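J.: Handing over final38.cif, mmCIF, C-alpha atoms.
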data_input
loop_
_atom_site.label_atom_id
_atom_site.label_comp_id
_atom_site.auth_asym_id
_atom_site.auth_seq_id
_atom_site.Cartn_x
_atom_site.Cartn_y
_atom_site.Cartn_z
CA MET A 1 8.35 147.46 42.78
CA THR A 2 5.56 144.80 42.39
CA PRO A 3 6.83 141.27 41.68
CA PRO A 4 5.42 139.45 38.59
CA PRO A 5 2.50 137.08 39.04
CA GLU A 6 3.35 133.56 40.02
CA GLY A 7 3.82 131.13 37.16
CA THR A 8 4.63 133.72 34.49
CA GLY A 9 8.38 132.80 34.58
CA GLN A 10 9.29 136.43 33.94
CA ALA A 11 11.90 138.15 36.14
CA PRO A 12 11.48 141.82 36.88
CA ASP A 13 13.58 144.28 34.90
CA ARG A 14 15.35 145.85 37.91
CA GLY A 15 17.45 148.18 35.83
CA ARG A 16 14.46 149.87 34.13
CA ARG A 17 11.73 149.71 36.77
CA SER A 18 13.61 150.81 39.87
CA GLY A 19 13.91 154.37 38.60
CA ARG A 20 17.51 154.53 39.94
CA ARG A 21 20.84 154.62 38.17
CA ARG A 22 22.93 151.56 38.88
CA THR A 23 26.16 152.45 40.69
CA ASP A 24 29.44 150.61 41.05
CA ARG A 25 30.00 149.92 44.73
CA ARG A 26 33.78 149.89 44.95
CA PRO A 27 35.80 149.90 48.16
CA PRO A 28 37.21 153.30 49.13
CA ARG A 29 40.59 154.04 47.58
CA HIS A 30 43.56 153.83 49.96
CA ASP A 31 44.99 157.27 50.71
CA ASP A 32 48.71 156.91 51.33
CA HIS A 33 48.96 160.51 52.52
CA ARG A 34 46.27 160.56 55.20
CA ARG A 35 45.75 157.89 57.85
CA THR A 36 43.25 157.86 60.69
CA PHE A 37 43.78 155.69 63.75
CA PRO A 38 40.86 154.86 66.06
CA ALA A 39 40.88 156.06 69.64
CA ARG A 40 42.98 153.81 71.84
CA GLN A 41 41.38 152.15 74.83
CA ALA A 42 43.12 153.07 78.06
CA ARG A 43 45.52 150.38 79.21
CA PRO A 44 47.07 150.54 82.68
CA GLY A 45 50.70 151.65 82.48
CA GLU A 46 50.65 152.12 78.70
CA VAL A 47 51.58 155.79 78.30
CA SER A 48 55.32 155.80 77.68
CA PRO A 49 56.70 154.48 74.36
CA VAL A 50 59.25 151.67 74.34
CA THR A 51 61.11 152.25 71.05
CA TRP A 52 63.90 154.77 70.68
CA TRP A 53 62.04 156.62 67.92
CA GLY A 54 58.84 156.83 69.97
CA ASN A 55 60.85 158.30 72.85
CA ALA A 56 62.59 160.74 70.48
CA TRP A 57 59.18 162.06 69.37
CA MET A 58 58.05 162.52 72.94
CA GLU A 59 61.31 164.17 74.02
CA ALA A 60 61.08 166.73 71.22
CA LEU A 61 58.05 168.27 72.97
CA GLU A 62 59.11 167.61 76.56
CA GLU A 63 62.44 169.38 76.14
CA THR A 64 60.70 172.66 75.25
CA ALA A 65 57.84 172.33 77.75
CA LEU A 66 57.72 175.14 80.31
CA ASP A 67 55.50 173.45 82.88
CA PRO A 68 56.10 169.83 83.96
CA ALA A 69 52.68 169.86 85.67
CA ARG A 70 50.92 170.29 82.31
CA LEU A 71 52.92 167.39 80.92
CA ALA A 72 51.84 165.24 83.87
CA ARG A 73 48.17 166.14 83.30
CA GLY A 74 48.55 165.44 79.57
CA ARG A 75 50.06 162.03 80.37
CA ALA A 76 47.08 161.31 82.65
CA TYR A 77 44.64 162.37 79.90
CA ALA A 78 46.38 160.03 77.45
CA GLY A 79 46.33 157.20 79.97
CA ARG A 80 42.60 157.34 80.55
CA GLY A 81 41.68 157.47 76.86
CA SER A 82 40.74 161.14 76.49
CA VAL A 83 42.20 161.35 72.97
CA ASP A 84 39.74 160.55 70.15
CA ALA A 85 40.72 159.17 66.73
CA ILE A 86 44.07 160.51 65.51
CA THR A 87 44.54 161.66 61.90
CA VAL A 88 48.07 161.81 60.48
CA SER A 89 48.97 163.66 57.29
CA PRO A 90 52.16 165.28 55.98
CA GLY A 91 53.28 167.91 58.47
CA ARG A 92 50.59 167.45 61.11
CA VAL A 93 48.77 165.12 63.50
CA THR A 94 45.30 166.09 64.72
CA ALA A 95 42.68 164.77 67.13
CA TYR A 96 39.85 165.87 69.40
CA VAL A 97 40.85 165.68 73.06
CA HIS A 98 38.31 165.59 75.89
CA GLY A 99 38.93 167.91 78.80
CA THR A 100 36.84 169.17 81.67
CA ARG A 101 34.21 170.67 79.36
CA ALA A 102 31.57 168.66 77.56
CA ARG A 103 32.79 169.56 74.10
CA PRO A 104 36.25 168.21 73.13
CA TYR A 105 39.04 170.50 71.92
CA ARG A 106 40.58 170.30 68.47
CA THR A 107 44.28 169.72 69.00
CA GLU A 108 47.13 169.39 66.54
CA ILE A 109 50.91 169.09 66.44
CA ARG A 110 52.77 170.37 63.38
CA VAL A 111 56.19 169.32 62.14
CA ARG A 112 58.31 170.32 59.15
CA THR A 113 58.15 168.01 56.11
CA LEU A 114 61.35 166.90 54.39
CA THR A 115 62.50 168.47 51.12
CA ASN A 116 62.88 166.50 47.89
CA GLU A 117 66.66 166.55 48.44
CA ASP A 118 66.20 165.12 51.94
CA TRP A 119 64.01 162.31 50.64
CA GLU A 120 66.51 161.51 47.90
CA ALA A 121 69.30 161.24 50.47
CA LEU A 122 67.19 159.12 52.83
CA LEU A 123 65.96 156.69 50.17
CA THR A 124 69.43 156.36 48.64
CA ALA A 125 70.90 155.55 52.07
CA ALA A 126 68.17 152.98 52.75
CA ALA A 127 68.53 151.27 49.36
CA ALA A 128 72.31 151.05 49.72
CA ARG A 129 72.03 148.68 52.68
CA PRO A 130 69.79 145.58 52.55
CA ASP A 131 69.71 145.48 56.35
CA HIS A 132 68.06 148.91 56.37
CA ILE A 133 65.29 147.71 54.06
CA ALA A 134 64.82 144.56 56.14
CA ALA A 135 64.59 146.66 59.31
CA LEU A 136 61.93 148.94 57.80
CA LEU A 137 59.86 145.98 56.65
CA ASP A 138 60.15 144.61 60.18
CA LYS A 139 58.77 147.92 61.58
CA ASP A 140 62.16 149.02 62.89
CA VAL A 141 64.05 152.27 62.24
CA PRO A 142 67.89 152.04 62.21
CA ARG A 143 69.46 154.97 64.06
CA SER A 144 72.03 155.54 61.32
CA LEU A 145 69.28 155.78 58.69
CA ALA A 146 67.20 158.22 60.73
CA ALA A 147 70.27 160.41 61.29
CA THR A 148 70.86 160.73 57.53
CA VAL A 149 68.39 163.64 57.34
CA ASP A 150 67.36 164.13 60.99
CA LEU A 151 64.17 162.13 60.44
CA LEU A 152 63.14 162.32 64.10
CA PRO A 153 62.24 165.77 65.47
CA ALA A 154 64.51 167.56 67.93
CA ALA A 155 63.65 170.11 70.62
CA GLY A 156 61.57 172.93 69.15
CA ASP A 157 60.62 171.04 65.97
CA LEU A 158 57.10 170.15 67.19
CA ILE A 159 54.60 173.03 67.20
CA PRO A 160 51.51 172.32 69.35
CA ASP A 161 48.17 174.11 68.85
CA CYS A 162 44.82 173.66 70.60
CA SER A 163 41.40 175.32 70.62
CA CYS A 164 41.35 175.36 74.43
CA PRO A 165 41.87 178.66 76.33
CA ASP A 166 45.06 177.41 78.04
CA ASP A 167 48.11 179.28 76.69
CA GLY A 168 50.62 176.83 78.15
CA TYR A 169 53.41 175.50 75.97
CA PRO A 170 52.19 172.86 75.49
CA CYS A 171 48.70 172.67 77.01
CA LYS A 172 47.65 169.38 78.59
CA HIS A 173 45.56 168.43 75.54
CA ALA A 174 48.50 168.83 73.16
CA ALA A 175 50.68 166.89 75.59
CA ALA A 176 48.11 164.07 75.65
CA LEU A 177 48.05 163.97 71.84
CA CYS A 178 51.86 163.90 71.77
CA TYR A 179 52.00 160.92 74.15
CA GLN A 180 49.39 159.00 72.14
CA THR A 181 51.22 159.76 68.88
CA ALA A 182 54.42 158.38 70.41
CA LEU A 183 52.55 155.11 71.05
CA LEU A 184 51.41 155.08 67.40
CA LEU A 185 55.03 155.43 66.31
CA ASP A 186 55.89 152.47 68.53
CA GLU A 187 53.47 150.28 66.59
CA ASP A 188 54.12 151.64 63.11
CA PRO A 189 57.24 153.76 62.47
CA PHE A 190 55.98 154.54 58.96
CA VAL A 191 53.75 157.10 60.70
CA VAL A 192 56.79 159.35 61.22
CA PHE A 193 57.68 158.98 57.52
CA LEU A 194 54.13 160.10 56.66
CA LEU A 195 54.46 163.08 59.00
CA ARG A 196 57.65 164.01 57.18
CA GLY A 197 55.80 163.91 53.84
CA MET A 198 55.85 160.42 52.28
CA GLY A 199 53.53 157.46 52.80
CA GLU A 200 54.49 153.82 53.26
CA ARG A 201 53.50 152.69 49.75
CA ASP A 202 55.48 155.47 48.09
CA ILE A 203 58.56 154.65 50.20
CA LEU A 204 58.45 150.93 49.44
CA ALA A 205 57.87 151.61 45.73
CA ALA A 206 60.84 154.00 45.62
CA LEU A 207 63.08 151.46 47.37
CA ALA A 208 61.97 148.68 44.99
CA HIS A 209 62.77 150.91 42.00
CA ARG A 210 66.24 151.70 43.34
CA ASN A 211 66.94 148.03 44.04
CA ALA A 212 65.91 147.03 40.50
CA THR A 213 68.10 149.75 38.98
CA ARG A 214 71.10 148.74 41.08
CA ALA A 215 70.62 145.04 40.27
CA ALA A 216 70.49 145.82 36.54
CA ALA A 217 73.68 147.89 36.76
CA GLU A 218 75.49 145.13 38.67
CA GLN A 219 74.38 142.56 36.10
CA ALA A 220 75.63 144.73 33.24
CA ALA A 221 78.97 145.27 34.98
CA ALA A 222 79.39 141.54 35.61
CA THR A 223 78.92 140.64 31.93
CA ALA A 224 81.04 143.46 30.46
CA PRO A 225 84.50 142.35 29.19
CA LEU A 226 87.48 143.46 31.26
CA PRO A 227 89.71 146.09 29.63
CA THR A 228 93.16 144.85 28.51
CA VAL A 229 96.49 146.49 27.72
CA PRO A 230 99.28 144.96 25.57
CA ALA A 231 102.21 143.76 27.66
CA ASP A 232 104.86 145.74 25.69
CA GLU A 233 102.82 148.92 26.20
CA ALA A 234 102.40 148.27 29.91
CA LEU A 235 106.14 147.61 30.40
CA ALA A 236 107.45 150.43 28.18
CA PRO A 237 109.48 153.10 30.07
CA ARG A 238 107.51 156.23 30.78
CA SER A 239 107.51 159.21 33.11
CA LEU A 240 104.77 159.42 35.71
CA PRO A 241 102.43 162.41 35.51
CA ALA A 242 102.20 164.93 38.30
CA LEU A 243 100.01 164.04 41.24
CA PRO A 244 96.44 165.29 40.92
CA PRO A 245 95.25 168.04 43.27
CA PRO A 246 93.75 166.89 46.59
CA PHE A 247 90.12 165.94 46.59
CA PRO A 248 87.82 168.71 47.82
CA ALA A 249 86.61 168.37 51.37
CA PRO A 250 83.16 166.74 51.67
CA GLU A 251 80.23 169.07 52.21
CA HIS A 252 79.30 167.38 55.50
CA PRO A 253 81.22 165.20 57.97
CA GLY A 254 80.66 161.49 57.58
CA ARG A 255 78.36 159.43 59.73
CA PRO A 256 79.77 156.63 61.90
CA PRO A 257 78.66 153.02 61.39
CA ALA A 258 75.91 151.50 63.48
CA TYR A 259 77.40 149.90 66.58
CA PRO A 260 75.62 146.75 67.80
CA GLN A 261 74.48 146.20 71.35
CA ALA A 262 76.26 143.10 72.64
CA PRO A 263 77.07 141.75 76.10
CA GLY A 264 80.48 142.95 77.22
CA ALA A 265 80.82 145.39 74.30
CA PRO A 266 81.24 149.15 74.79
CA ASP A 267 78.13 151.26 75.05
CA PRO A 268 76.98 151.85 71.42
CA LEU A 269 75.61 155.30 72.33
CA ALA A 270 79.00 156.36 73.69
CA LEU A 271 80.80 154.97 70.63
CA ASP A 272 78.41 156.75 68.28
CA LEU A 273 78.85 160.02 70.17
CA LEU A 274 82.67 159.82 70.17
CA ALA A 275 82.85 158.86 66.49
CA SER A 276 80.43 161.62 65.46
CA GLU A 277 82.40 164.19 67.46
CA ALA A 278 85.71 163.09 65.93
CA ALA A 279 84.26 163.28 62.40
CA ALA A 280 82.77 166.75 62.99
CA ARG A 281 86.00 168.15 64.48
CA ALA A 282 88.13 166.62 61.71
CA HIS A 283 85.83 168.07 59.02
CA THR A 284 85.96 171.55 60.55
CA LEU A 285 89.75 171.39 60.94
CA LEU A 286 90.12 170.20 57.34
CA THR A 287 87.90 172.95 55.87
CA THR A 288 88.87 175.89 58.11
CA GLY A 289 92.20 175.00 59.67
CA VAL A 290 90.75 175.74 63.11
CA ASP A 291 89.86 173.29 65.88
CA PRO A 292 86.35 174.42 66.95
CA THR A 293 86.71 173.13 70.52
CA ALA A 294 90.30 174.02 71.33
CA ASP A 295 89.46 177.08 73.48
CA LEU A 296 86.27 175.79 75.13
CA SER A 297 86.17 175.20 78.88
CA VAL A 298 85.23 171.77 80.21
CA TRP A 299 81.71 173.03 80.97
CA GLN A 300 81.25 174.64 77.55
CA ASP A 301 82.44 171.46 75.83
CA ALA A 302 80.05 169.34 77.93
CA VAL A 303 77.15 171.60 76.91
CA ARG A 304 78.20 171.42 73.27
CA LEU A 305 78.35 167.62 73.42
CA ALA A 306 74.88 167.34 74.94
CA ALA A 307 73.41 169.88 72.49
CA ALA A 308 74.87 168.09 69.46
CA HIS A 309 73.46 164.72 70.47
CA PRO A 310 70.21 164.03 68.52
CA GLY A 311 67.20 163.45 70.72
CA SER A 312 69.07 164.31 73.92
CA GLY A 313 66.79 164.66 76.90
CA LEU A 314 64.66 162.11 78.67
CA THR A 315 65.26 158.59 77.37
CA ALA A 316 67.14 156.22 79.66
CA SER A 317 70.35 156.51 77.63
CA THR A 318 70.28 160.28 77.29
CA ARG A 319 69.29 160.75 80.92
CA ALA A 320 72.47 158.84 81.72
CA LEU A 321 74.41 161.12 79.35
CA TYR A 322 73.04 164.25 81.07
CA ARG A 323 73.67 162.78 84.50
CA ASP A 324 77.29 161.84 83.73
CA LEU A 325 78.13 165.11 81.98
CA ALA A 326 76.55 167.16 84.77
CA ALA A 327 78.37 165.17 87.47
CA ALA A 328 81.70 165.52 85.67
CA THR A 329 81.32 169.31 85.60
CA GLY A 330 79.87 169.79 89.08
CA ARG A 331 76.45 170.86 87.81
CA THR A 332 72.92 169.43 88.00
CA PRO A 333 71.08 167.81 85.06
CA THR A 334 68.66 170.78 85.12
CA ASP A 335 71.60 173.20 84.80
CA LEU A 336 72.84 171.19 81.84
CA ALA A 337 69.38 171.05 80.18
CA ARG A 338 69.00 174.84 80.48
CA ALA A 339 72.52 175.38 79.09
CA VAL A 340 71.76 173.01 76.18
CA ALA A 341 68.66 175.08 75.34
CA ALA A 342 70.84 178.21 75.28
CA TRP A 343 73.51 176.56 73.11
CA ARG A 344 70.87 175.47 70.60
CA GLN A 345 69.55 179.03 70.63
CA GLY A 346 72.83 180.62 69.60
CA GLY A 347 75.92 178.59 70.45
CA ARG A 348 78.69 179.85 72.72
CA ALA A 349 77.47 183.46 72.65
CA ALA A 350 73.99 182.40 73.83
CA LEU A 351 75.52 180.33 76.66
CA GLU A 352 77.44 183.40 77.84
CA VAL A 353 74.19 185.40 77.79
CA LEU A 354 72.58 182.74 79.99
CA GLU A 355 75.37 182.65 82.55
CA GLU A 356 77.02 186.10 82.60
CA PRO A 357 74.89 189.19 83.40
CA TRP A 358 76.71 192.42 82.54
CA ASP A 359 76.14 196.17 82.43
CA PRO A 360 75.85 197.34 78.82
CA PRO A 361 77.02 200.86 77.97
CA ALA A 362 74.60 203.60 76.92
CA GLY A 363 73.14 202.95 73.52
CA PRO A 364 70.99 200.12 72.12
CA PHE A 365 70.00 198.78 75.54
CA ASP A 366 68.67 202.18 76.67
CA ARG A 367 66.70 202.61 73.44
CA ALA A 368 65.08 199.19 73.69
CA ARG A 369 62.32 200.00 76.23
CA PRO A 370 60.96 203.04 74.30
CA THR A 371 61.10 200.94 71.10
CA LEU A 372 59.04 198.17 72.69
CA LEU A 373 56.52 200.62 74.15
CA ALA A 374 56.14 202.33 70.76
CA ALA A 375 55.38 198.93 69.22
CA GLY A 376 52.53 198.43 71.70
CA LEU A 377 54.39 195.78 73.68
CA PRO A 378 54.30 195.39 77.48
CA LEU A 379 56.39 197.49 79.84
CA PHE A 380 59.66 195.73 80.64
CA ARG A 381 61.62 196.30 83.87
CA PRO A 382 65.42 196.59 83.42
CA TRP A 383 68.14 194.86 85.40
CA ARG A 384 71.69 194.94 84.09
CA ASN A 385 71.38 193.48 80.54
CA HIS A 386 67.87 192.02 81.17
CA LEU A 387 64.44 193.42 80.30
CA SER A 388 61.64 191.46 81.97
CA THR A 389 57.88 191.16 82.43
CA THR A 390 56.25 188.53 84.65
CA SER A 391 56.71 185.78 82.04
CA LEU A 392 58.85 187.18 79.19
CA GLN A 393 62.44 188.36 79.16
CA LEU A 394 64.92 189.79 76.68
CA ARG A 395 68.66 189.62 77.34
CA PHE A 396 71.15 191.83 75.50
CA GLY A 397 74.31 189.97 74.50
CA ARG A 398 77.81 191.35 74.07
CA ASP A 399 77.44 190.41 70.38
CA GLY A 400 74.68 193.04 69.95
CA LEU A 401 71.87 190.47 69.70
CA TRP A 402 68.72 190.18 71.83
CA TYR A 403 67.94 186.73 73.21
CA GLY A 404 64.43 185.66 74.26
CA TYR A 405 63.58 183.87 77.51
CA GLU A 406 60.31 182.61 78.98
CA SER A 407 59.11 181.56 82.43
CA ASP A 408 55.83 180.68 84.07
CA THR A 409 54.19 183.74 85.61
CA GLY A 410 55.43 184.39 89.12
CA ARG A 411 58.43 182.06 88.85
CA GLU A 412 62.00 183.17 88.21
CA ASP A 413 62.73 180.08 86.15
CA TRP A 414 63.92 181.51 82.84
CA TRP A 415 64.51 179.23 79.84
CA PRO A 416 65.98 180.30 76.47
CA ARG A 417 63.50 180.29 73.63
CA GLY A 418 63.13 181.86 70.18
CA THR A 419 65.69 183.19 67.71
CA PRO A 420 68.19 185.96 68.55
CA ASP A 421 67.69 189.24 66.72
CA THR A 422 69.42 192.63 66.49
CA ASP A 423 66.01 194.24 67.07
CA PRO A 424 64.39 193.70 70.50
CA ALA A 425 60.92 193.78 68.95
CA GLY A 426 61.98 191.10 66.45
CA ALA A 427 63.38 188.89 69.21
CA LEU A 428 60.15 189.31 71.19
CA THR A 429 58.07 188.45 68.13
CA ALA A 430 60.09 185.24 67.65
CA LEU A 431 59.61 184.48 71.35
CA LEU A 432 55.83 184.87 71.04
CA GLY A 433 55.76 182.54 68.04
CA GLY A 434 55.52 185.07 65.22
#
Translate the structure described by the file into structure tokens.
T.:
Amino acid sequence: MTPPPEGTGQAPDRGRRSGRRRTDRRPPRHDDHRRTFPARQARPGEVSPVTWWGNAWMEALEETALDPARLARGRAYAGRGSVDAITVSPGRVTAYVHGTRARPYRTEIRVRTLTNEDWEALLTAAAARPDHIAALLDKDVPRSLAATVDLLPAAGDLIPDCSCPDDGYPCKHAAALCYQTALLLDEDPFVVFLLRGMGERDILAALAHRNATRAAAEQAAATAPLPTVPADEALAPRSLPALPPPFPAPEHPGRPPAYPQAPGAPDPLALDLLASEAAARAHTLLTTGVDPTADLSVWQDAVRLAAAHPGSGLTASTRALYRDLAAATGRTPTDLARAVAAWRQGGRAALEVLEEPWDPPAGPFDRARPTLLAAGLPLFRPWRNHLSTTSLQLRFGRDGLWYGYESDTGREDWWPRGTPDTDPAGALTALLGG
């Protein structure tokens, strides 16, 4: 556009002469349901998270990993900055991870989002305690609040996926992304809330609404007149009504209070574990009339305790739990970890399948191999109640269910995995991930 001659005093009409439509340059709108974090620069020694929730995220993948060497390589990848920008949205975290090839691999980790009922329970529990709200605003996650709806993932909850050709579970690229995500959770625990389906702004708005509603109700109750009864009516002789029926048992056992960490005080993890166990046993006895642990052996009860503990695995506190339970029962921590995986697969029956080979009678076990071959599945070699390939195994339980196991090729290191099924093909499908 040519400027006007000097001295005319006339400014150019930019709106008409430019030939362009004027646009409103507004800043991009904040998306509370999708956040992207820039790639982290490698910092020496900064690979492991320091918060309990960051460790819980990392353990959820490590406890189901089949190859510690892949985890070690993934940790090294994370440490040298091989993970590009990380995008977090409800149910998934994604990033490009650089490997040995020039082109990076697209890697993601999926996790289940919470239901509306779960969110209602979590927000109600947070709003009921001012210290919970203060902790969240201070970028802290109280253990008792997270346990309300199992906010943190447990073993098997994280589903890794990667475009690389490695079929490990997980591959080193997914492991690297998991380690870097744990560091993100260290810095901002609202990331885990977003992964579970709700962004930070929505959470804070919901808590503010609940606080305002509760304050209004308390104000109304404080100003309402107290009910009165005439003295002659209160003192008049009368017969008492029959006692009401007992209250129904609660749907779930109660949660213990949060125990503080203080010098000279008992271990808060041990107190929480004992209180949770007592509440669960009391609830079962109240609703069924049966003590669920009365006939368990010491070893079975130790496995049950470790399996019921949220996030059990590789943090300092839970490593101590595994070490102490294993030592008390004459086993190794690896024996206990494998038994915990079996218990989470199917309880006491699955633990017996892990530890007690047996010779099934003629019938379903004999028909299993032809059924698998007819379905186009690999040839399995039989041994007692086991059917095995080089890396997959099905075990037939005395309860009539098939239990899946997996091992690295060439190693007899079988770990329970998948969901038991009455059909061997169904159990194998669950083992292979659907």
J.: Enter the distance from CA of Gln219 in chain A to CA of Glu120 in chain A, in Å, rounded to one decimal.
T.: 23.7 Å
J.: For CA of Ala220 in chain A and CA of His132 in chain A, determine how far apart the two atoms are, in Å to one decimal place.
T.: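 Straight-line distance from CA of Ala220 in chain A to CA of His132 in chain A works out to 24.7 Å.
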J.: So that I can check the surroundings of Val141 in chain A, please list as a list in words every protein, DNA and RNA residue that reaches within 12 Å of it, counting only C-alpha atoms and ignoring chain neighbours fewer than 6 positions away.
T.: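 Near Val141 in chain A, the qualifying residues are Thr51, Trp52, Trp53, Gly54, Ala56, Ala126, Asp131, His132, Ile133, Ala134, Ala135, Ala147, Thr148, Leu151, Leu152, Leu185, Asp186, Glu187, Asp188, Pro189, Phe190, Val191, Val192, Phe193 and Ala258 of chain A.
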J.: Could you state the separation of CA of Leu122 in chain A and CA of Gly156 in chain A in Å, given to one decimal place?
T.: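 Computing the Euclidean distance for CA of Leu122 in chain A and CA of Gly156 in chain A yields 22.1 Å.
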J.: May I have the residues at most 10 Å from (78.9, 197.6, 80.6) in the file's coordinates, counting all atoms listed in the file, as a short mmCIF file (atom, residue, chain, number, x, y, z; two decimals) with C-alpha atoms, in the coordinates of the input?
T.:
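Once written, selection_35.cif looks like this:
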data_model
loop_
_atom_site.label_atom_id
_atom_site.label_comp_id
_atom_site.auth_asym_id
_atom_site.auth_seq_id
_atom_site.Cartn_x
_atom_site.Cartn_y
_atom_site.Cartn_z
CA PRO A 357 74.89 189.19 83.40
CA TRP A 358 76.71 192.42 82.54
CA ASP A 359 76.14 196.17 82.43
CA PRO A 360 75.85 197.34 78.82
CA PRO A 361 77.02 200.86 77.97
CA ALA A 362 74.60 203.60 76.92
CA ARG A 384 71.69 194.94 84.09
CA ASN A 385 71.38 193.48 80.54
CA ARG A 398 77.81 191.35 74.07
#
J.: Which residue gives the smallest distance to Glu251 in chain A among A:Gln300, A:Thr284, A:Thr334, A:Ser239, with all atoms listed in the file counted?
T.: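 Using all atoms listed in the file, Glu251 in chain A sits closest to A:Thr284.
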J.: What's the 12 Å shell around Ala69 in chain A, counting only C-alpha atoms, without same-chain residues fewer than 3 positions away, as a VMD selection string?
T.: chain A and resid 62 65 to 66 72 to 76 168 to 172 175 408
